[in-house]
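Source file: start.cif (mmCIF, N, CA and C atoms)
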data_model
#
loop_
_atom_site.label_atom_id
_atom_site.label_comp_id
_atom_site.auth_asym_id
_atom_site.auth_seq_id
_atom_site.Cartn_x
_atom_site.Cartn_y
_atom_site.Cartn_z
N LEU T 1 -97.71 -95.32 18.26
CA LEU T 1 -97.74 -96.77 18.31
C LEU T 1 -98.11 -97.34 16.94
N PRO T 2 -97.61 -98.50 16.63
CA PRO T 2 -98.01 -99.14 15.37
C PRO T 2 -99.48 -99.51 15.41
N GLY T 3 -100.08 -99.50 14.27
CA GLY T 3 -101.50 -99.84 14.21
C GLY T 3 -101.91 -100.15 12.79
N LYS T 4 -103.19 -100.00 12.52
CA LYS T 4 -103.74 -100.33 11.22
C LYS T 4 -103.14 -99.47 10.10
N HIS T 5 -102.89 -98.20 10.39
CA HIS T 5 -102.41 -97.28 9.36
C HIS T 5 -100.95 -96.88 9.52
N LEU T 6 -100.27 -97.44 10.50
CA LEU T 6 -98.86 -97.11 10.72
C LEU T 6 -98.09 -98.39 11.00
N ARG T 7 -97.18 -98.72 10.07
CA ARG T 7 -96.39 -99.94 10.23
C ARG T 7 -95.43 -99.81 11.40
N GLN T 8 -95.01 -100.94 11.93
CA GLN T 8 -94.12 -100.95 13.08
C GLN T 8 -92.79 -100.27 12.78
N ASP T 9 -92.28 -100.44 11.56
CA ASP T 9 -90.98 -99.85 11.24
C ASP T 9 -91.06 -98.34 11.02
N ARG T 10 -92.26 -97.75 11.06
CA ARG T 10 -92.44 -96.31 10.94
C ARG T 10 -92.87 -95.67 12.26
N ALA T 11 -93.34 -96.47 13.21
CA ALA T 11 -93.80 -95.95 14.50
C ALA T 11 -92.61 -95.56 15.36
N LEU T 12 -92.78 -94.53 16.18
CA LEU T 12 -91.70 -94.09 17.06
C LEU T 12 -91.21 -95.21 17.95
N LEU T 13 -92.13 -96.03 18.41
CA LEU T 13 -91.75 -97.14 19.28
C LEU T 13 -90.89 -98.16 18.54
N GLY T 14 -91.24 -98.46 17.30
CA GLY T 14 -90.47 -99.41 16.49
C GLY T 14 -89.09 -98.88 16.13
N VAL T 15 -89.04 -97.61 15.73
CA VAL T 15 -87.75 -96.99 15.41
C VAL T 15 -86.90 -96.89 16.67
N GLY T 16 -87.54 -96.58 17.80
CA GLY T 16 -86.82 -96.54 19.07
C GLY T 16 -86.21 -97.88 19.42
N ALA T 17 -86.92 -98.96 19.12
CA ALA T 17 -86.37 -100.29 19.38
C ALA T 17 -85.15 -100.55 18.51
N GLU T 18 -85.18 -100.09 17.26
CA GLU T 18 -84.02 -100.24 16.39
C GLU T 18 -82.83 -99.45 16.93
N ILE T 19 -83.11 -98.26 17.44
CA ILE T 19 -82.04 -97.43 18.01
C ILE T 19 -81.43 -98.12 19.22
N LEU T 20 -82.28 -98.63 20.10
CA LEU T 20 -81.77 -99.32 21.29
C LEU T 20 -80.95 -100.56 20.93
N ALA T 21 -81.34 -101.24 19.85
CA ALA T 21 -80.59 -102.41 19.41
C ALA T 21 -79.17 -102.03 18.96
N CYS T 22 -79.01 -100.81 18.48
CA CYS T 22 -77.68 -100.34 18.04
C CYS T 22 -76.85 -99.79 19.19
N LEU T 23 -77.44 -99.66 20.36
CA LEU T 23 -76.71 -99.08 21.49
C LEU T 23 -76.08 -100.14 22.38
N ASP T 24 -75.37 -101.09 21.75
CA ASP T 24 -74.63 -102.08 22.54
C ASP T 24 -73.42 -101.43 23.20
N GLU T 25 -73.06 -100.25 22.71
CA GLU T 25 -72.00 -99.42 23.31
C GLU T 25 -72.40 -97.97 23.08
N ALA T 26 -71.81 -97.06 23.84
CA ALA T 26 -72.11 -95.64 23.68
C ALA T 26 -71.67 -95.17 22.30
N ARG T 27 -72.49 -94.36 21.64
CA ARG T 27 -72.21 -93.89 20.29
C ARG T 27 -72.57 -92.42 20.15
N THR T 28 -71.91 -91.77 19.20
CA THR T 28 -72.31 -90.41 18.85
C THR T 28 -73.59 -90.50 18.03
N VAL T 29 -74.23 -89.35 17.84
CA VAL T 29 -75.45 -89.34 17.04
C VAL T 29 -75.17 -89.82 15.62
N SER T 30 -74.06 -89.38 15.05
CA SER T 30 -73.69 -89.79 13.69
C SER T 30 -73.46 -91.30 13.59
N GLU T 31 -72.76 -91.85 14.56
CA GLU T 31 -72.52 -93.30 14.57
C GLU T 31 -73.83 -94.07 14.73
N LEU T 32 -74.70 -93.57 15.57
CA LEU T 32 -75.98 -94.22 15.81
C LEU T 32 -76.87 -94.15 14.57
N TRP T 33 -76.89 -93.02 13.90
CA TRP T 33 -77.65 -92.85 12.67
C TRP T 33 -77.16 -93.83 11.60
N GLU T 34 -75.85 -93.95 11.46
CA GLU T 34 -75.28 -94.87 10.47
C GLU T 34 -75.62 -96.32 10.82
N CYS T 35 -75.56 -96.67 12.09
CA CYS T 35 -75.90 -98.03 12.52
C CYS T 35 -77.35 -98.36 12.18
N VAL T 36 -78.26 -97.44 12.44
CA VAL T 36 -79.68 -97.67 12.15
C VAL T 36 -79.89 -97.77 10.64
N ARG T 37 -79.22 -96.92 9.87
CA ARG T 37 -79.35 -96.98 8.41
C ARG T 37 -78.86 -98.31 7.86
N VAL T 38 -77.73 -98.80 8.35
CA VAL T 38 -77.19 -100.09 7.91
C VAL T 38 -78.15 -101.21 8.29
N SER T 39 -78.69 -101.13 9.50
CA SER T 39 -79.65 -102.13 9.96
C SER T 39 -80.90 -102.14 9.07
N ARG T 40 -81.35 -100.97 8.68
CA ARG T 40 -82.52 -100.86 7.81
C ARG T 40 -82.24 -101.42 6.42
N ARG T 41 -81.04 -101.19 5.90
CA ARG T 41 -80.70 -101.69 4.57
C ARG T 41 -80.70 -103.21 4.52
N SER T 42 -80.41 -103.86 5.64
CA SER T 42 -80.37 -105.32 5.66
C SER T 42 -81.76 -105.93 5.72
N ASN T 43 -82.79 -105.11 5.96
CA ASN T 43 -84.17 -105.59 6.02
C ASN T 43 -84.90 -105.12 4.76
N PRO T 44 -85.18 -106.02 3.82
CA PRO T 44 -85.77 -105.61 2.54
C PRO T 44 -87.20 -105.07 2.66
N THR T 45 -87.90 -105.35 3.74
CA THR T 45 -89.28 -104.87 3.88
C THR T 45 -89.38 -103.55 4.64
N ALA T 46 -88.27 -103.07 5.19
CA ALA T 46 -88.29 -101.82 5.95
C ALA T 46 -88.41 -100.62 5.02
N THR T 47 -89.18 -99.64 5.45
CA THR T 47 -89.32 -98.42 4.67
C THR T 47 -88.16 -97.49 4.97
N PRO T 48 -87.83 -96.59 4.04
CA PRO T 48 -86.74 -95.63 4.30
C PRO T 48 -87.05 -94.78 5.53
N LEU T 49 -86.02 -94.41 6.25
CA LEU T 49 -86.17 -93.62 7.46
C LEU T 49 -85.48 -92.28 7.27
N SER T 50 -86.21 -91.20 7.51
CA SER T 50 -85.60 -89.87 7.41
C SER T 50 -84.86 -89.55 8.70
N PHE T 51 -83.90 -88.65 8.60
CA PHE T 51 -83.15 -88.23 9.78
C PHE T 51 -84.08 -87.55 10.78
N ASP T 52 -85.06 -86.81 10.30
CA ASP T 52 -86.03 -86.16 11.19
C ASP T 52 -86.77 -87.18 12.06
N TRP T 53 -87.21 -88.27 11.43
CA TRP T 53 -87.95 -89.30 12.16
C TRP T 53 -87.02 -90.02 13.15
N PHE T 54 -85.76 -90.19 12.77
CA PHE T 54 -84.75 -90.78 13.65
C PHE T 54 -84.57 -89.91 14.89
N VAL T 55 -84.42 -88.59 14.69
CA VAL T 55 -84.21 -87.67 15.81
C VAL T 55 -85.45 -87.62 16.69
N LEU T 56 -86.63 -87.66 16.09
CA LEU T 56 -87.86 -87.67 16.88
C LEU T 56 -87.93 -88.93 17.74
N SER T 57 -87.54 -90.05 17.20
CA SER T 57 -87.53 -91.30 17.97
C SER T 57 -86.48 -91.25 19.08
N LEU T 58 -85.35 -90.66 18.78
CA LEU T 58 -84.30 -90.50 19.79
C LEU T 58 -84.78 -89.58 20.92
N SER T 59 -85.48 -88.52 20.56
CA SER T 59 -86.06 -87.62 21.57
C SER T 59 -87.08 -88.35 22.43
N PHE T 60 -87.87 -89.20 21.80
CA PHE T 60 -88.84 -90.02 22.53
C PHE T 60 -88.13 -90.90 23.55
N LEU T 61 -87.05 -91.56 23.13
CA LEU T 61 -86.31 -92.44 24.04
C LEU T 61 -85.72 -91.64 25.20
N PHE T 62 -85.24 -90.44 24.92
CA PHE T 62 -84.69 -89.59 25.98
C PHE T 62 -85.79 -89.16 26.95
N SER T 63 -86.97 -88.85 26.42
CA SER T 63 -88.07 -88.38 27.27
C SER T 63 -88.60 -89.47 28.19
N ILE T 64 -88.48 -90.72 27.80
CA ILE T 64 -88.92 -91.82 28.68
C ILE T 64 -87.76 -92.42 29.47
N SER T 65 -86.62 -91.71 29.45
CA SER T 65 -85.42 -92.10 30.21
C SER T 65 -84.86 -93.45 29.80
N ALA T 66 -84.94 -93.76 28.51
CA ALA T 66 -84.38 -95.02 28.01
C ALA T 66 -82.93 -94.84 27.58
N VAL T 67 -82.54 -93.59 27.28
CA VAL T 67 -81.16 -93.31 26.88
C VAL T 67 -80.65 -92.09 27.65
N ASP T 68 -79.34 -92.01 27.74
CA ASP T 68 -78.66 -90.87 28.36
C ASP T 68 -77.75 -90.22 27.33
N TYR T 69 -77.58 -88.91 27.45
CA TYR T 69 -76.67 -88.17 26.59
C TYR T 69 -75.69 -87.44 27.49
N GLU T 70 -74.42 -87.78 27.34
CA GLU T 70 -73.39 -87.14 28.16
C GLU T 70 -72.07 -87.19 27.43
N GLY T 71 -71.39 -86.08 27.42
CA GLY T 71 -70.06 -86.03 26.81
C GLY T 71 -70.08 -86.27 25.31
N GLY T 72 -71.18 -85.91 24.66
CA GLY T 72 -71.25 -86.05 23.22
C GLY T 72 -71.63 -87.44 22.73
N VAL T 73 -71.95 -88.35 23.65
CA VAL T 73 -72.34 -89.70 23.24
C VAL T 73 -73.68 -90.08 23.86
N ILE T 74 -74.35 -91.00 23.20
CA ILE T 74 -75.64 -91.51 23.66
C ILE T 74 -75.42 -92.94 24.10
N ALA T 75 -75.99 -93.28 25.24
CA ALA T 75 -75.87 -94.64 25.77
C ALA T 75 -77.22 -95.09 26.29
N ALA T 76 -77.48 -96.38 26.19
CA ALA T 76 -78.70 -96.94 26.75
C ALA T 76 -78.61 -96.84 28.27
N ARG T 77 -79.70 -96.44 28.87
CA ARG T 77 -79.72 -96.32 30.33
C ARG T 77 -79.84 -97.71 30.94
N VAL T 78 -78.99 -97.98 31.88
CA VAL T 78 -78.97 -99.27 32.58
C VAL T 78 -79.54 -99.06 33.97
N GLU T 79 -80.62 -99.73 34.27
CA GLU T 79 -81.23 -99.62 35.60
C GLU T 79 -80.42 -100.42 36.60
N GLN T 80 -80.29 -99.88 37.79
CA GLN T 80 -79.52 -100.55 38.83
C GLN T 80 -80.41 -101.02 39.93
#
Target encoding structure tokens, full file:
Amino acid sequence: LPGKHLRQDRALLGVGAEILACLDEARTVSELWECVRVSRRSNPTATPLSFDWFVLSLSFLFSISAVDYEGGVIAARVEQ
């Protein structure tokens, strides 16, 4: 979680929110990574994001059932 020593754009929860914002449609991991990178470049105060931290955030989203992975694509889980 973000706090005194960890900015929101570096916290798993914050990066996860950026990932979910890019999931307006199902995407491959590569497409999703590129979308997050482009989104980060448009924000001058955001810190650089490593692919490792991106994957860790994606794993976090999968573990809390916020995203689904099927057929090589990732999609935001829609509750019914």
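Counting only N, CA and C atoms, region 46-53 of chain T has the following residues at most 8 Å away, ignoring those fewer than 2 positions along the same chain: T:Asp9, T:Arg10, T:Leu12, T:Val15, T:Trp33, T:Arg37, T:Arg40, T:Arg41, T:Ser42, T:Asn43, T:Pro44, T:Val55, T:Leu56, T:Ser57, T:Leu58, T:Ser59.
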- Message: Env of region 65-72 of chain T: 10 Å cut, atoms = only C-alpha atoms, seq-sep filter 2 positions within chain, self excluded. Answer as number ranges by chain.
- Response: T: 16, 19-20, 23, 26-29, 58-63, 74-79
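If you look at atom N of Leu13 (chain T) and atom C of Val36 (chain T), they are 14.6 Å away from each other.
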- Per DSSP on the backbone, filter chain T down to the residues in strand (DSSP E) and report them as JSON, numbers by chain. {"T": [67, 68, 69, 70, 73, 74, 75, 76]}
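Interatomic distance, atom N of Val73 (chain T) against atom C of Ala21 (chain T): 16.2 Å.
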- Task: Could you please write out, as JSON, numbers by chain, every residue of region 3-77 of chain T that DSSP assigns to helix (DSSP H, G or I)?
- Result: {"T": [12, 13, 14, 15, 16, 17, 18, 19, 20, 21, 22, 29, 30, 31, 32, 33, 34, 35, 36, 37, 38, 39, 40, 41, 51, 52, 53, 54, 55, 56, 57, 58, 59, 60, 61, 62, 63]}
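Atom N of Ala11 (chain T) is positioned 16.1 Å from atom C of Cys35 (chain T).
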Reconstruct region 25-36 of chain T at the level of all heavy atoms, and format the result as a tab-separated table (two decimals), in the frame of the given file.
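Listed below is the output, selection-v2.tsv:
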chain	number	residue	atom	x	y	z
T	25	GLU	N	-73.06	-100.25	22.71
T	25	GLU	CA	-72.00	-99.42	23.31
T	25	GLU	C	-72.40	-97.97	23.08
T	25	GLU	O	-73.24	-97.68	22.24
T	25	GLU	CB	-70.64	-99.71	22.67
T	25	GLU	CG	-70.61	-99.42	21.20
T	25	GLU	CD	-69.28	-99.81	20.56
T	25	GLU	OE1	-68.83	-100.93	20.80
T	25	GLU	OE2	-68.73	-98.96	19.85
T	26	ALA	N	-71.81	-97.06	23.84
T	26	ALA	CA	-72.11	-95.64	23.68
T	26	ALA	C	-71.67	-95.17	22.30
T	26	ALA	O	-70.61	-95.58	21.81
T	26	ALA	CB	-71.42	-94.83	24.77
T	27	ARG	N	-72.49	-94.36	21.64
T	27	ARG	CA	-72.21	-93.89	20.29
T	27	ARG	C	-72.57	-92.42	20.15
T	27	ARG	O	-73.46	-91.94	20.84
T	27	ARG	CB	-73.01	-94.68	19.26
T	27	ARG	CG	-72.72	-96.16	19.21
T	27	ARG	CD	-73.60	-96.82	18.16
T	27	ARG	NE	-73.51	-98.26	18.20
T	27	ARG	CZ	-72.69	-98.98	17.44
T	27	ARG	NH1	-71.89	-98.39	16.60
T	27	ARG	NH2	-72.68	-100.29	17.53
T	28	THR	N	-71.91	-91.77	19.20
T	28	THR	CA	-72.31	-90.41	18.85
T	28	THR	C	-73.59	-90.50	18.03
T	28	THR	O	-73.97	-91.57	17.55
T	28	THR	CB	-71.23	-89.69	18.03
T	28	THR	OG1	-71.08	-90.37	16.78
T	28	THR	CG2	-69.90	-89.64	18.77
T	29	VAL	N	-74.23	-89.35	17.84
T	29	VAL	CA	-75.45	-89.34	17.04
T	29	VAL	C	-75.17	-89.82	15.62
T	29	VAL	O	-75.93	-90.61	15.05
T	29	VAL	CB	-76.08	-87.93	17.02
T	29	VAL	CG1	-77.27	-87.87	16.07
T	29	VAL	CG2	-76.52	-87.52	18.42
T	30	SER	N	-74.06	-89.38	15.05
T	30	SER	CA	-73.69	-89.79	13.69
T	30	SER	C	-73.46	-91.30	13.59
T	30	SER	O	-73.91	-91.94	12.64
T	30	SER	CB	-72.43	-89.06	13.22
T	30	SER	OG	-72.65	-87.68	13.20
T	31	GLU	N	-72.76	-91.85	14.56
T	31	GLU	CA	-72.52	-93.30	14.57
T	31	GLU	C	-73.83	-94.07	14.73
T	31	GLU	O	-74.05	-95.08	14.06
T	31	GLU	CB	-71.57	-93.68	15.71
T	31	GLU	CG	-70.17	-93.20	15.54
T	31	GLU	CD	-69.32	-93.40	16.79
T	31	GLU	OE1	-69.88	-93.56	17.89
T	31	GLU	OE2	-68.09	-93.38	16.65
T	32	LEU	N	-74.70	-93.57	15.57
T	32	LEU	CA	-75.98	-94.22	15.81
T	32	LEU	C	-76.87	-94.15	14.57
T	32	LEU	O	-77.49	-95.14	14.18
T	32	LEU	CB	-76.68	-93.57	17.00
T	32	LEU	CG	-77.90	-94.25	17.56
T	32	LEU	CD1	-77.63	-95.71	17.91
T	32	LEU	CD2	-78.38	-93.49	18.79
T	33	TRP	N	-76.89	-93.02	13.90
T	33	TRP	CA	-77.65	-92.85	12.67
T	33	TRP	C	-77.16	-93.83	11.60
T	33	TRP	O	-77.94	-94.49	10.94
T	33	TRP	CB	-77.55	-91.41	12.19
T	33	TRP	CG	-78.04	-91.13	10.81
T	33	TRP	CD1	-77.30	-90.61	9.79
T	33	TRP	CD2	-79.36	-91.30	10.28
T	33	TRP	NE1	-78.08	-90.46	8.66
T	33	TRP	CE2	-79.35	-90.88	8.94
T	33	TRP	CE3	-80.55	-91.79	10.81
T	33	TRP	CZ2	-80.48	-90.93	8.12
T	33	TRP	CZ3	-81.67	-91.83	10.00
T	33	TRP	CH2	-81.63	-91.41	8.67
T	34	GLU	N	-75.85	-93.95	11.46
T	34	GLU	CA	-75.28	-94.87	10.47
T	34	GLU	C	-75.62	-96.32	10.82
T	34	GLU	O	-75.94	-97.11	9.93
T	34	GLU	CB	-73.77	-94.68	10.36
T	34	GLU	CG	-73.13	-95.43	9.24
T	34	GLU	CD	-73.69	-95.08	7.86
T	34	GLU	OE1	-74.10	-93.92	7.64
T	34	GLU	OE2	-73.73	-95.97	7.00
T	35	CYS	N	-75.56	-96.67	12.09
T	35	CYS	CA	-75.90	-98.03	12.52
T	35	CYS	C	-77.35	-98.36	12.18
T	35	CYS	O	-77.65	-99.45	11.67
T	35	CYS	CB	-75.64	-98.18	14.02
T	35	CYS	SG	-76.04	-99.81	14.66
T	36	VAL	N	-78.26	-97.44	12.44
T	36	VAL	CA	-79.68	-97.67	12.15
T	36	VAL	C	-79.89	-97.77	10.64
T	36	VAL	O	-80.64	-98.63	10.16
T	36	VAL	CB	-80.56	-96.56	12.77
T	36	VAL	CG1	-82.00	-96.65	12.28
T	36	VAL	CG2	-80.52	-96.64	14.30
